[in-house]
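Trainee: Mind looking over this structure? Questions follow.
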Amino acid sequence: MSRRYLGEFEEIVLLTVAVLDGKGYGIAIKDDIEQRLERKVSVGAMRTALKRLEGKGYLKSELGEPTAKRGGKRKRFFQVTHAGREVLEQVMDARKRLWQAIPYTSIDFKFA
Amino acid sequence: MKEDNDIRPPSLPLRFLRWFCDPAVLEDVEGDLLELYHRRSEHDVKQARRKLTTDVLLLFRPGIIRKFQLPDNSFSMFRNYLTVALRSARRYRGHTALNLLSLIIGIASCMVILLWIQDEMSVDQFHEKKDRIYKVWRNMHQSSGEILTTQGIPQPVVVSLGNDFPEVEDATLIGWDMETIFRMDDEVDYEIGKYASPEFFRIFSYSFLAGNPGTALSDLSSIVISDRIAEKYFGRDWRDGKILGKTITVGSNQKDFQVSGVFEHPGSKSSLEFDWIINAQEYIQQNDWVESWYNGGFAICFTLRENATLQPFQDKILQLINENTNYEADERLFVNHFDDNYLHSNFENGRPSGGRIQYVRILFVIAIFILVIACINFMNLATARSSRRTREIGVRKVLGAQKAALRQQFFVESFIMSITAVVAALLVVAAVLPYFNSISEKELSLNLGDPKLWIGLGVVTLISGLLSGFYPAMLLPSFRTITSLKGHSKQTVGGVRMREGLVVFQFILSILLITATLVVNQQMNYILSKNLGLNKDNVIFTRLDGDLRTQMEVYKSTLQTSPAVESVTATSGNPLSYGRSSGSAQWAGKDPDEEVEINVMSVDEDFVNTMGIELLLGRNFDPQLATDTSNYLINQVAADIIAFEDPIDQDLTLWGQTGKIVGVIKDFHMSSMYEPIAPLIIRNDPSSTFVAFIRTKGDIQQALEAIENAHKELSPGYPFSYEFLDQDFAAAYRTEMTLSKIVRIFAFISILICCLGLFGLSSFSAEQRLKEIGIRKVYGASVMRIITLLSWGYTKLILVALVLAIPLSFYLLRQWLNNFEFRIELGASAFITATVITLLIGAVTVGLKFWQAAITNPVQTLRED
């Protein structure tokens with residue numbers, strides 16, 4: 001279980017990489033999270049998350065072409081691996097089971 | 001300067017990134033940052049630059065930082081650095097000694113000062129509940145707009161704290177220091193102590209050697225005494241446990257009290273010092289005037305409950321007095337942390353305005369100055385010496401040493417020096433602390449078990465090692481290899497400039513300290529010799545004990561028979577430190593809403609003559625006139641407030657007694673020089689006098705004998721003690737005197753260190769120019785000519801330092817003098833003296849070495865080439 005652990009931010013990054021479907025590189029992922037989820041993402045936090053996810057084998061990456069906009073540096077595109085996909089499904093599954101286990105009255109608080 | 005429209009990304013953060021970033025992700029990360037930068041810079045270039053820097057700093061985190069690896073040979077290289085460092089240290093012994101000496105003196109002084117500061121900061125910190133202990137202060141808003149702040153609080157406030165404020169845990173009255181007579185069999189003496197509430201020992205953590213702090217004061221006839229008193233009156237064996245319940249006779253009315261506790265005398269760790277505590281209720285019973293909302297008879301401290309917040313409490317207590325006095329006088333209460341009061345004891349217009357904290361700050365700055373001066377010496381001497389090491393560096397470079405390795409080498413060297421210096425400094429501190437303690441009146445000690453000491457030492461080592469190694473480590477490895485190998489690398493102009501700049505900087509610091517020392521001294525002398533409005537010299541004062549007060553006439557005439565006594569007067573207190581005041585004086589034409597605190601002093605008719613006070617208008621009290629006992633004298637300040645065209649014979653009412661103003665006396669100082677002179681009303685009321693002032697002439701010893709005999713005869717059974725008025729006055733400025741002494745010592749040390757550095761530098765340049773000197777001599781230059789020529793370079797530096805330092809010190813010292821209500825004018829004399837001193841010291845230091853160089857026979861220096 002602990003090996004499969006996924007932090008909240010890691011989960012978001014992993015999902016975003018999946019959303020971008022192979023076109024996700026550093027800035028694109030950052031922009032996507034910032035727009036979609038309306039939260040600030042620092043380059044440092046995202047970079048650490050990407051590195052950790054790649055280390056756990058949930059992401060794989062390949063280098064693209066260098067562009068002038070990036071000072072002649074190449075982009076690294078990320079893609080979700082099979083293991084990554086599995087862990088995402090597991091997380092979703094766990095959440096779903098928890099939601100189903102909540103008694104009706106407890107969710108009902110809005111109407112009280 | 002960078003142009004605003006420069007759109008290139010800043011290079012420093014990127015270089016930093018390239019240095020620390022894991023190469024596996026570097027390209028991608030840098031690309032991301034650049035892309036972001038370009039996007040952001042379309043809106044705002046400056047912001048984009050800033051954001052890039054923050055991003056880089058945020059990337060500096062585990063996961064991104066690459067693994068740093070030490071080269072395999074690091075250990076043997078390190079050993080080599082050690083060997084080489086020791087060799088070069090031994091080869092230039094004089095140099096090394098000089099270098100170490102200034103560093104040791106610098107670090108030792110710095111340590112002593114830090115110990116002193118630590119001690120100052122630790123006062124009152126031993127109370128377990130210190131975070132919750134507060135002290136109540138009273139702001140008296142005068143109609144002049146001035147706010148007087150006092151710690152004297154009406155006694156009912158403490159009752160109200162107990163009843164109406166649930167957030168208050170315990171509250172205590174704390175009386176003023178009182179000197180009361182103690183009797184136990186043959187042992188009779190005055191002891192200083194306080195009246196306080198039973199809660200006192202629950203709030204403050206004074207440690208008890210016998211008895212229970214929680215209940216010790218619950219009985220009115222209980223007394224808690226210090227271990228010192230216990231030993232004095234009950235003998236050494238009081239510790240056998242039978243002291244509790246024993247009886248001791250206290251006070252002029254000779255009441256018996258039972259000892260209910262013995263506490264350890266807190267010494268200088270506590271701002272409150274006392275040898276005995278008696279239940280305040282005992283005092284209140286005899287002095288019911290204190291149970292009034294209109295009098296401030298006690299200080300009040302209290303503890304807040306653990307979960308209570310201060311702000312709502314502050315709001316509630318603010319108008320407590322006004323609510324109970326119908327806003328007759330605008331008096332507002334506020335509280336502050338009890339442990340803040342030692343360092344921040346001065347109030348100006350109702351707000352804290354410093355206190356001892358100023359001296360703590362001054363000495364802290366001096367400590368930094370000294371350390372910086374010492375480190376600059378080290379830096380200068382090391383770079384100056386560098387020319388001797390260039391060959392070594394050249395060879396190392398040829399053998400493949402990288403700049404980083406060479407830098408490491410220099411840092412290793414400077415750290416060896418700084419560690420040696422710190423260890424030696426530790427020994428020096430241990431040796432000089434006893435002397436410093438006797439000067440500073442402290443009990444400082446090196447507590448080797450204190451982690452703070454080791455942290456401090458570590459920091460000092462680090463700072464001095466880094467500071468002193470920095471410049472040589474950056475400069476030397478950057479010389480070109482070829483020139484290094486040739487061994488006569490010219491000093492770069494930049495290097496020389498830098499060194500000169502540092503010398504100037506050192507001298508600026510020293511000149512600041514010299515001028516400060518001179519001006520502080522002048523101000524202190526001014527205060528101590530200032531015409532205070534009365535003649536404080538040749539005056540002895542002594543307490544009027546027992547029956548003396550009722551026999552004043554006999555006492556006076558007995559003393560007058562002695563040829564050494566000129567005159568005698570009795571007063572209600574020491575006129576040079578007087579604080580009894582009243583807000584209830586009334587006079588014709590006084591605005592009923594006007595609030596004025598006026599000092600009130602009771603004297604007899606000999607007061608004005610004995611104290612040498614000048615009578616400006618009217619007359620003195622006349623013993624022949626029976627009505628004069630209800631008449632008043634006032635001082636100039638009071639005359640201005642009462643604002644009569646002619647105050648003489650006007651009615652004045654004080655405490656329900658209406659009399660006439662018979663005279664106006666010249667102002668004399670009644671409190672510290674930090675404050676203006678207060679208004680004063682003098683009553684002719686010999687029955688409320690407690691102190692006799694005796695002006696002597698001729699032989700003081702004879703006068704003392706006469707006084708002692710009179711006391712023995714008229715108040716037998718009371719110990720005789722006396723003080724000299726001028727000494728007592730000087731003692732009030734003891735803090736200033738002690739501190740100015742400390743400042744003087746460290747100013748001297750800083751100059752000494754400066755001179756050591758200058759000496760090292762001049763000996764170095766004399767050495768470098770030996771051949772030049774030789775040739776000049778061959779061509780017939782005189783010794784004097786050579787010395788002037790060589791000295792000019794350094795004289796120039798000192799002159800530059802003077803030009804820069806004098807305006808700066810003028811500004812800073814004027815700020816300091818503004819603290820004093822009565823101060824000297826900042827004249828040229830201090831600055832001229834400082835200039836002369838600096839130039840003289842500089843000339844002697846530099847000249848000495850150059851003279852030595854100039855008298856060398858040119859044959860010795862020139863034969864080699």
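Note on naming: chains are A, B, ... as they come in the structure tokens, residues start from 1 per chain, ligands start from 1 in the order shown.
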Please give the complete set of residues from segment 488-647 of chain B that DSSP, run on the backbone, assigns to strand (DSSP E or B), formatted as a PyMOL selection string.
Mentor: chain B and resi 539-543+565-571+581-582+586-587+598-603+615-618+632-635
Trainee: Could the residues in this selection be saved with C-alpha atoms as a PDB file, in the first residue's frame?
Mentor:
ATOM      1  CA  VAL B 539      27.049  67.879  53.046  1.00  0.00           C
ATOM      2  CA  ILE B 540      26.489  64.794  55.195  1.00  0.00           C
ATOM      3  CA  PHE B 541      23.021  63.393  55.546  1.00  0.00           C
ATOM      4  CA  THR B 542      21.648  60.969  58.071  1.00  0.00           C
ATOM      5  CA  ARG B 543      18.329  59.491  59.087  1.00  0.00           C
ATOM      6  CA  VAL B 565      29.567  71.880  61.596  1.00  0.00           C
ATOM      7  CA  GLU B 566      28.310  74.929  59.764  1.00  0.00           C
ATOM      8  CA  SER B 567      24.574  74.406  59.744  1.00  0.00           C
ATOM      9  CA  VAL B 568      21.903  71.723  60.058  1.00  0.00           C
ATOM     10  CA  THR B 569      18.485  71.266  58.467  1.00  0.00           C
ATOM     11  CA  ALA B 570      15.828  68.584  58.465  1.00  0.00           C
ATOM     12  CA  THR B 571      13.779  67.659  55.386  1.00  0.00           C
ATOM     13  CA  SER B 581       4.212  64.837  44.553  1.00  0.00           C
ATOM     14  CA  SER B 582       0.610  65.885  44.773  1.00  0.00           C
ATOM     15  CA  GLN B 586      -5.068  74.935  44.690  1.00  0.00           C
ATOM     16  CA  TRP B 587      -4.477  78.591  44.021  1.00  0.00           C
ATOM     17  CA  ILE B 598       3.714  69.302  41.932  1.00  0.00           C
ATOM     18  CA  ASN B 599       6.477  67.979  44.157  1.00  0.00           C
ATOM     19  CA  VAL B 600       5.924  68.700  47.828  1.00  0.00           C
ATOM     20  CA  MET B 601       8.794  68.809  50.306  1.00  0.00           C
ATOM     21  CA  SER B 602       8.652  69.480  54.027  1.00  0.00           C
ATOM     22  CA  VAL B 603      11.591  71.286  55.594  1.00  0.00           C
ATOM     23  CA  LEU B 615      16.328  82.975  47.145  1.00  0.00           C
ATOM     24  CA  LEU B 616      15.076  84.891  44.114  1.00  0.00           C
ATOM     25  CA  LEU B 617      12.052  86.703  45.499  1.00  0.00           C
ATOM     26  CA  GLY B 618      10.528  87.290  48.921  1.00  0.00           C
ATOM     27  CA  TYR B 632       5.072  78.142  51.420  1.00  0.00           C
ATOM     28  CA  LEU B 633       8.177  78.578  49.325  1.00  0.00           C
ATOM     29  CA  ILE B 634       7.989  77.609  45.663  1.00  0.00           C
ATOM     30  CA  ASN B 635      10.558  77.142  42.917  1.00  0.00           C
TER      31      ASN B 635
END
Trainee: Give me the residues near Phe364 of chain B as a list in words, where near means some atom within 8 Å (using only C-alpha atoms) and where sequence neighbours in that chain fewer than 4 positions away do not count.
Mentor: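 Answer for this query is Ile113, Leu114, Ile117, Val360 and Ile368 of chain B.
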Trainee: Could you check the closest approach to Ala210 of chain B for each of B:Val262, B:Ala638, B:Val168, B:Val188 and tell me which residue wins, using only C-alpha atoms?
Mentor: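 Of B:Val262, B:Ala638, B:Val168, B:Val188, the one nearest Ala210 of chain B, counting only C-alpha atoms, is B:Val262.
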Trainee: What are the closest atom pairs, with distances in Å to one decimal, for all residues of chain A lying within 7 Å of chain B? Consider only C-alpha atoms, order rows by chain and residue number, and present the result as CSV.
Mentor:
residue,atom,partner,partner_atom,distance
A:Gly26,CA,B:Asp32,CA,6.1
A:Ile27,CA,B:Asp32,CA,5.9
A:Ser42,CA,B:Asp55,CA,6.9
A:Val43,CA,B:Asp55,CA,6.2
A:Gly44,CA,B:Leu59,CA,4.2
A:Thr48,CA,B:Gly63,CA,5.9
A:Lys69,CA,B:Glu35,CA,5.7
A:Arg70,CA,B:Gly31,CA,4.7
A:Gly71,CA,B:Leu34,CA,6.4
A:Lys73,CA,B:Gly31,CA,5.0
A:Arg74,CA,B:Asp28,CA,6.4
A:Lys75,CA,B:Asp28,CA,5.8
A:Arg76,CA,B:Asp28,CA,6.0
Trainee: Do you know which residues are at most 8 Å from Glu605 of chain B counting only C-alpha atoms, after dropping those on the same chain fewer than 6 positions away, and could you put them as an mmCIF file with C-alpha atoms, in the first residue's frame?
Mentor:
data_model
loop_
_atom_site.group_PDB
_atom_site.id
_atom_site.type_symbol
_atom_site.label_atom_id
_atom_site.label_comp_id
_atom_site.auth_asym_id
_atom_site.auth_seq_id
_atom_site.Cartn_x
_atom_site.Cartn_y
_atom_site.Cartn_z
ATOM 1 C CA THR B 569 18.485 71.266 58.467
ATOM 2 C CA ASN B 620 12.831 82.565 53.768
ATOM 3 C CA PHE B 621 10.674 81.013 56.510
ATOM 4 C CA ASP B 622 11.031 82.991 59.718
ATOM 5 C CA PRO B 623 11.169 80.983 62.970
ATOM 6 C CA ASN B 684 7.540 74.676 56.623
#
Trainee: Please extract the residues of chain A with a backbone DSSP assignment of alpha helix (DSSP H) and present them as a ChimeraX atom specification.
Mentor: /A:8-20,26-37,43-56,82-101,104-107
Trainee: Tell me, as a PyMOL selection string, which residues lie within 10 Å of Ile482 of chain B, counting only C-alpha atoms; anything in the same chain fewer than 6 positions away does not count.
Mentor: chain B and resi 391+394-395+397-398+489
Trainee: Write the residues you've just listed into a file as a PDB file, in the first residue's frame, and include all heavy atoms for each of them.
Mentor:
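Below you can see result_14.pdb, which holds the result:
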ATOM      1  N   ARG B 391      54.238  32.046  -5.918  1.00  0.00           N
ATOM      2  CA  ARG B 391      54.937  30.929  -6.547  1.00  0.00           C
ATOM      3  C   ARG B 391      54.266  29.611  -6.206  1.00  0.00           C
ATOM      4  O   ARG B 391      54.029  28.784  -7.072  1.00  0.00           O
ATOM      5  CB  ARG B 391      56.388  30.896  -6.087  1.00  0.00           C
ATOM      6  CG  ARG B 391      57.287  31.343  -7.173  1.00  0.00           C
ATOM      7  CD  ARG B 391      58.732  31.065  -6.907  1.00  0.00           C
ATOM      8  NE  ARG B 391      59.479  32.115  -7.587  1.00  0.00           N
ATOM      9  CZ  ARG B 391      60.294  32.945  -6.986  1.00  0.00           C
ATOM     10  NH1 ARG B 391      60.521  32.836  -5.705  1.00  0.00           N
ATOM     11  NH2 ARG B 391      60.900  33.882  -7.667  1.00  0.00           N
ATOM     12  N   GLY B 394      51.261  29.279  -8.209  1.00  0.00           N
ATOM     13  CA  GLY B 394      51.595  28.969  -9.585  1.00  0.00           C
ATOM     14  C   GLY B 394      51.898  27.490  -9.755  1.00  0.00           C
ATOM     15  O   GLY B 394      51.350  26.821 -10.646  1.00  0.00           O
ATOM     16  N   VAL B 395      52.708  26.963  -8.862  1.00  0.00           N
ATOM     17  CA  VAL B 395      53.088  25.548  -8.968  1.00  0.00           C
ATOM     18  C   VAL B 395      51.854  24.669  -8.805  1.00  0.00           C
ATOM     19  O   VAL B 395      51.628  23.723  -9.573  1.00  0.00           O
ATOM     20  CB  VAL B 395      54.142  25.195  -7.899  1.00  0.00           C
ATOM     21  CG1 VAL B 395      54.386  23.691  -7.866  1.00  0.00           C
ATOM     22  CG2 VAL B 395      55.431  25.941  -8.182  1.00  0.00           C
ATOM     23  N   LYS B 397      48.865  25.399  -9.550  1.00  0.00           N
ATOM     24  CA  LYS B 397      48.040  25.492 -10.749  1.00  0.00           C
ATOM     25  C   LYS B 397      48.618  24.628 -11.859  1.00  0.00           C
ATOM     26  O   LYS B 397      47.892  23.911 -12.545  1.00  0.00           O
ATOM     27  CB  LYS B 397      47.966  26.935 -11.225  1.00  0.00           C
ATOM     28  CG  LYS B 397      46.891  27.745 -10.522  1.00  0.00           C
ATOM     29  CD  LYS B 397      46.785  29.090 -11.194  1.00  0.00           C
ATOM     30  CE  LYS B 397      45.491  29.776 -10.860  1.00  0.00           C
ATOM     31  NZ  LYS B 397      45.429  31.093 -11.470  1.00  0.00           N
ATOM     32  N   VAL B 398      49.920  24.692 -12.010  1.00  0.00           N
ATOM     33  CA  VAL B 398      50.564  23.909 -13.055  1.00  0.00           C
ATOM     34  C   VAL B 398      50.312  22.425 -12.824  1.00  0.00           C
ATOM     35  O   VAL B 398      50.080  21.655 -13.741  1.00  0.00           O
ATOM     36  CB  VAL B 398      52.081  24.203 -13.085  1.00  0.00           C
ATOM     37  CG1 VAL B 398      52.804  23.178 -13.951  1.00  0.00           C
ATOM     38  CG2 VAL B 398      52.323  25.596 -13.611  1.00  0.00           C
ATOM     39  N   SER B 489      54.517  38.739  -8.751  1.00  0.00           N
ATOM     40  CA  SER B 489      53.257  39.279  -9.234  1.00  0.00           C
ATOM     41  C   SER B 489      53.058  40.650  -8.617  1.00  0.00           C
ATOM     42  O   SER B 489      53.227  40.862  -7.427  1.00  0.00           O
ATOM     43  CB  SER B 489      52.109  38.400  -8.816  1.00  0.00           C
ATOM     44  OG  SER B 489      51.547  38.871  -7.626  1.00  0.00           O
TER      45      SER B 489
END
Trainee: Find the distance between atom CA of Leu714 of chain B and atom CA of Gln702 of chain B and write it in Å to one decimal.
Mentor: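 So the answer is 18.4 Å.
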Trainee: Residues within 6 Å of Thr180 of chain B, please, as an MDAnalysis selection string. Count only C-alpha atoms; anything in the same chain fewer than 5 positions from it doesn't count.
Mentor: chainID B and resid 190:191 251
Trainee: Please produce an output containing all heavy atoms for each residue in the selection, written as an mmCIF file, in the first residue's frame.
Mentor:
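After the write, selection_25.cif holds the following:
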data_model
loop_
_atom_site.group_PDB
_atom_site.id
_atom_site.type_symbol
_atom_site.label_atom_id
_atom_site.label_comp_id
_atom_site.auth_asym_id
_atom_site.auth_seq_id
_atom_site.Cartn_x
_atom_site.Cartn_y
_atom_site.Cartn_z
ATOM 1 N N TYR B 190 19.765 48.376 59.881
ATOM 2 C CA TYR B 190 18.736 48.695 58.890
ATOM 3 C C TYR B 190 18.795 47.689 57.756
ATOM 4 O O TYR B 190 19.882 47.351 57.281
ATOM 5 C CB TYR B 190 18.944 50.099 58.350
ATOM 6 C CG TYR B 190 18.496 51.143 59.329
ATOM 7 C CD1 TYR B 190 19.384 51.721 60.219
ATOM 8 C CD2 TYR B 190 17.160 51.537 59.357
ATOM 9 C CE1 TYR B 190 18.968 52.664 61.129
ATOM 10 C CE2 TYR B 190 16.729 52.488 60.260
ATOM 11 C CZ TYR B 190 17.639 53.059 61.146
ATOM 12 O OH TYR B 190 17.206 53.979 62.030
ATOM 13 N N GLU B 191 17.640 47.233 57.324
ATOM 14 C CA GLU B 191 17.584 46.292 56.197
ATOM 15 C C GLU B 191 16.561 46.794 55.199
ATOM 16 O O GLU B 191 15.539 47.370 55.568
ATOM 17 C CB GLU B 191 17.171 44.895 56.682
ATOM 18 C CG GLU B 191 18.028 44.338 57.798
ATOM 19 C CD GLU B 191 19.476 44.090 57.391
ATOM 20 O OE1 GLU B 191 19.765 44.146 56.183
ATOM 21 O OE2 GLU B 191 20.313 43.856 58.282
ATOM 22 N N GLY B 251 11.030 47.507 62.766
ATOM 23 C CA GLY B 251 10.415 48.821 62.640
ATOM 24 C C GLY B 251 10.651 49.709 63.840
ATOM 25 O O GLY B 251 11.068 49.269 64.904
#
Trainee: Quote the spacing between atom CA of Leu217 of chain B and atom CA of Asn341 of chain B in Å to one decimal place.
Mentor: 25.4 Å
Trainee: Which residues, written as a ChimeraX atom specification, have at least one atom at most 7 Å from Gly573 of chain B, with only C-alpha atoms counted and residues fewer than 3 positions away on the same chain left out?
Mentor: /B:578,690-691
Trainee: May I have the residues within 9 Å of segment 54-65 of chain A as a PyMOL selection string, using only C-alpha atoms and disregarding those fewer than 3 positions away in the same chain?
Mentor: (chain A and resi 3-4+14+17+22+25+49-51+72-87) or (chain B and resi 28)
Trainee: Which distance in Å separates atom CA of Met140 of chain B and atom CA of Asp315 of chain B, to one decimal?
Mentor: 17.0 Å
